[in-house]
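J.: This is the structure I want to talk about, given as structure tokens.
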Amino acid sequence: MKQWIVAIMAALAPAVVWSAPYELVIRGGRVLDPETGLDATMNVGINGGRIARISAEPLTGTRTVDAKGLVVAPGFIDLHQHGHDEVSGVLKAFDGVTSGLEMEIGVPDVKEFLARKSGRSLINYGTTASHAAARAAAFGSPLPVTDLIPQSGRSTNDPATLEQIAQMQAQLSNEINVGGLGVGMGIQYVPGATRQEIIHIFQLAASRNVPVFTHIRSVGRKEPGSSIESVSEVIGAAAVTGASLQIVHLNSTCLADAPECLSILAGAKARGLDVTAEAYPYIAGMTSINSALFNPGWQEKFGISYDSLMLPETGERLTKERFDELHASPKMTGVVLFVNRQEMVDTVITNPLMSIASDGEVGHPRNAGTYTKILARYVRELRTISLMDAIRKMSLMPAQRLEKATLAARRKGRIQEGADADIVVFDPATVTDRATYERPTERATGMRYVLVNGTLVIDKGALVSGVLPGKGIVSDLSVAAAK
């Protein structure tokens, strides 16, 4: 197995420079590679944005970073990042994230998104093609390029005709051709989508050989519309179409039934289905109060009332009157939902099937602290996850999920010769999250060095100014179409 891995990496990295001195050497750190199991004190030489050499022998570099007593690991890959502004990029870097991708729902215009980010991003970026946007367009009300989800209305609540579904498929296929890494489906935000429509969209993803990332249809225990039913729906769609599937934030959509949802996921994988899931380590979620998620019946589904909703800007807890005012407003407004219990979140996070993703957006502490929280709470404090397994959940597993859409992902999530030099160097004794619901933009601490494509963006714990080394991660289909 290890020989096969080395062969793949060599084949993918013909331009790696093997001669010394190296542009940068990370010296004497505890190097962890979750794919090969490497866990040893090593030196890492970097050239041309790639890892050129990993050796126990001394290496010479134009710049040498002393990593004695520190962990050297693959940069974390966040497949569920909504905040793509400059502030969010900085917060992600301090949290150890070197790639932040918009995969849950996708963006309305993949080409515009990639162009807007090109040369302007601290970390790597990418996106899926948006089913919600394709649906809105098919209903004659296309989303603005900066919006993720439509306001509750006809395009969210009405069933689509077969002609409209065909329009959605055509738009999604075009979005994949220009770089979309899969199909993003926020089914709960478009409750009018029938089971037939879901199957057709999964068929499109399977035909283009890209995965589906989905926010499931509903939450809670009430049938019809339970979490278990909703998980079964998308696993069934994957089974009958052959599409690969990632279920997003299983923690906040399965809630008290998370153990049963995990059992369903394990059963599907054991029977050969390519299904995966992710979660974040917080009890509260966040979404738009104007969305179809708050269609009538939301209180029963979530098992909460108005005072479980909080405006992130002010900390205001809502009343019925305030909720009605905001829900009816044409202005999209974010709201934090306190819907979960800590013990259930801990159950999901520690499950070996789960990868980590933040669902990060402005106003929620998960935007700034998801990954360092894993290292601080679950590795160091509770000791319920080993350090190697935490690194695997935050780097290798997300990279492997991307490999269906792009071979470039085989150079991510690893510390191996030929891999991209997306690297974190951190102090395992002090790394921690600091963001709270009251202060969601507090930077994490403990990341001593963070490299994106071989460029230092965090140097000795401080942000490096004037560097924007993030690159777009795009589908192989878009690369082929461009030739």
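By order of appearance in the structure tokens: chains A, B, ..., then residues from 1 within every chain, and ligands from 1 in the order shown.
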Could you give me, as CSV, every range 157-195 of chain A residue with an atom at most 12 Å from range 404-422 of chain A, plus its closest atom pair and distance in Å to one decimal, counting only C-alpha atoms, rows ordered by chain then number?

T.:
residue,atom,partner,partner_atom,distance
A:Ile176,CA,A:Ala405,CA,9.5
A:Asn177,CA,A:Ala405,CA,11.3
A:Gly179,CA,A:Ala405,CA,9.6
A:Gly180,CA,A:Ala405,CA,8.6
A:Leu181,CA,A:Ala405,CA,5.5
A:Gly182,CA,A:Ala405,CA,6.8
A:Val183,CA,A:Ala405,CA,10.5

J.: Please dump the current selection as a PDB file, in the first residue's frame; keep C-alpha atoms.

T.:
ATOM      1  CA  ILE A 176     -19.237  21.555 -13.339  1.00  0.00           C
ATOM      2  CA  ASN A 177     -17.656  22.236 -16.737  1.00  0.00           C
ATOM      3  CA  GLY A 179     -14.856  24.187 -12.202  1.00  0.00           C
ATOM      4  CA  GLY A 180     -17.600  22.926  -9.881  1.00  0.00           C
ATOM      5  CA  LEU A 181     -16.287  20.100  -7.694  1.00  0.00           C
ATOM      6  CA  GLY A 182     -19.647  18.395  -7.344  1.00  0.00           C
ATOM      7  CA  VAL A 183     -23.285  19.223  -6.776  1.00  0.00           C
TER       8      VAL A 183
END

J.: Residues at most 10 Å from Gly184 in chain A, counting only C-alpha atoms, excluding those fewer than 4 positions away in the same chain, as a ChimeraX atom specification?

T.: /A:102-107,127-133,172,180,201,205,211-215,246

J.: Using only C-alpha atoms, which residues sit within 12 Å of Ala429 in chain A once same-chain residues fewer than 4 positions away are excluded, as a PyMOL selection string?

T.: chain A and resi 69-71+372+375-377+379-381+387+445-447

J.: Find the nearest atom pair between each residue of range 179-231 of chain A and range 302-315 of chain A for residues within 9 Å, count only C-alpha atoms, give distances in Å to one decimal, sort rows by chain and ascending number, and present the table as a tab-separated table.

T.:
residue	atom	partner	partner_atom	distance
A:Val219	CA	A:Phe302	CA	6.5
A:Gly220	CA	A:Phe302	CA	5.8
A:Arg221	CA	A:Phe302	CA	9.0

J.: Find the residues near Arg195 in chain A: any atom within 9 Å, counting only C-alpha atoms, skip ones fewer than 5 places away on the same chain, and give them as an MDAnalysis selection string.

T.: chainID A and resid 200 233 237

J.: May I ask for the distance between CA of Tyr378 in chain A and CA of Leu451 in chain A, given in Å to one decimal place?

T.: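 Computed distance, CA of Tyr378 in chain A to CA of Leu451 in chain A, equals 24.3 Å.
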
J.: Just want the 9 Å neighbourhood of range 424-427 of chain A, counted on only C-alpha atoms, with same-chain residues fewer than 3 positions away dropped. Output as a list in words.

T.: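 That gives Ile26, Gly29, Ala67, Gly69, Leu70, Val71, Val72, Ala73, Pro74, Gly75, Phe76, Gly96, Val97, Thr98, Thr430, Val431, Gly446, Met447, Arg448, Tyr449, Val450, Leu451 and Val452 of chain A.
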
J.: Could you take the residues named above and write them with N, CA and C atoms, as a CSV table (one decimal), in the first residue's frame?

T.:
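Output file again-v6.csv is given in full below:
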chain,number,residue,atom,x,y,z
A,26,ILE,N,11.6,22.9,7.2
A,26,ILE,CA,11.0,22.8,8.5
A,26,ILE,C,11.9,21.8,9.3
A,29,GLY,N,10.7,18.8,13.5
A,29,GLY,CA,9.4,18.7,14.1
A,29,GLY,C,8.9,17.3,14.1
A,67,ALA,N,11.2,23.6,14.2
A,67,ALA,CA,10.0,23.0,14.7
A,67,ALA,C,10.1,22.1,15.9
A,69,GLY,N,9.8,20.3,19.1
A,69,GLY,CA,8.7,20.4,20.1
A,69,GLY,C,7.3,20.7,19.5
A,70,LEU,N,7.3,20.9,18.2
A,70,LEU,CA,6.0,21.2,17.5
A,70,LEU,C,5.6,20.1,16.6
A,71,VAL,N,4.3,20.1,16.2
A,71,VAL,CA,3.8,19.1,15.3
A,71,VAL,C,3.7,19.7,13.9
A,72,VAL,N,4.2,18.9,12.9
A,72,VAL,CA,4.1,19.3,11.5
A,72,VAL,C,3.1,18.3,10.8
A,73,ALA,N,2.1,18.9,10.3
A,73,ALA,CA,1.0,18.1,9.8
A,73,ALA,C,0.4,18.7,8.5
A,74,PRO,N,-0.4,18.0,7.7
A,74,PRO,CA,-1.0,18.6,6.5
A,74,PRO,C,-2.0,19.7,6.9
A,75,GLY,N,-2.0,20.7,6.1
A,75,GLY,CA,-3.0,21.8,6.4
A,75,GLY,C,-4.4,21.2,6.4
A,76,PHE,N,-5.3,21.8,7.2
A,76,PHE,CA,-6.6,21.3,7.3
A,76,PHE,C,-7.5,21.8,6.1
A,96,GLY,N,-5.6,26.9,11.3
A,96,GLY,CA,-4.9,25.8,10.6
A,96,GLY,C,-5.5,25.4,9.3
A,97,VAL,N,-6.5,26.1,8.8
A,97,VAL,CA,-7.1,25.7,7.5
A,97,VAL,C,-6.3,26.3,6.4
A,98,THR,N,-5.9,25.5,5.4
A,98,THR,CA,-5.2,25.9,4.2
A,98,THR,C,-6.1,25.9,3.0
A,430,THR,N,-0.5,23.9,23.6
A,430,THR,CA,-1.2,25.2,23.7
A,430,THR,C,-2.2,25.6,22.7
A,431,VAL,N,-2.2,24.8,21.6
A,431,VAL,CA,-3.2,25.2,20.5
A,431,VAL,C,-4.6,25.2,21.0
A,446,GLY,N,-1.8,29.1,18.9
A,446,GLY,CA,-1.0,27.9,18.9
A,446,GLY,C,-0.5,27.5,17.5
A,447,MET,N,-1.0,28.0,16.4
A,447,MET,CA,-0.4,27.8,15.1
A,447,MET,C,0.8,28.6,15.0
A,448,ARG,N,2.0,28.0,15.0
A,448,ARG,CA,3.2,28.8,14.9
A,448,ARG,C,3.5,29.1,13.5
A,449,TYR,N,3.3,28.2,12.6
A,449,TYR,CA,3.6,28.4,11.2
A,449,TYR,C,2.5,27.7,10.4
A,450,VAL,N,2.0,28.4,9.3
A,450,VAL,CA,1.0,27.9,8.4
A,450,VAL,C,1.5,28.2,7.0
A,451,LEU,N,1.6,27.2,6.2
A,451,LEU,CA,2.0,27.4,4.8
A,451,LEU,C,0.9,27.0,3.8
A,452,VAL,N,0.7,27.8,2.8
A,452,VAL,CA,-0.2,27.6,1.7
A,452,VAL,C,0.5,27.6,0.4

J.: Can you list every residue in range 216-393 of chain A that DSSP puts in alpha helix (DSSP H), as a VMD selection string?

T.: chain A and resid 227 to 241 250 to 254 258 to 270 298 to 302 320 to 328 342 to 350 366 to 373 387 to 391

J.: Step one, run DSSP on the backbone; step two, keep only residues of range 156-253 of chain A assigned to strand (DSSP E); then write them as a ChimeraX atom specification.

T.: /A:183-186,212-215,245-247

J.: Can you tell me which residues surround Gln196 in chain A at a distance of at most 12 Å, considering only C-alpha atoms, apart from same-chain residues fewer than 3 positions away, and format the answer as a VMD selection string?

T.: chain A and resid 159 to 162 165 to 166 192 to 193 199 to 203 233 to 234 236 to 237 240 to 241
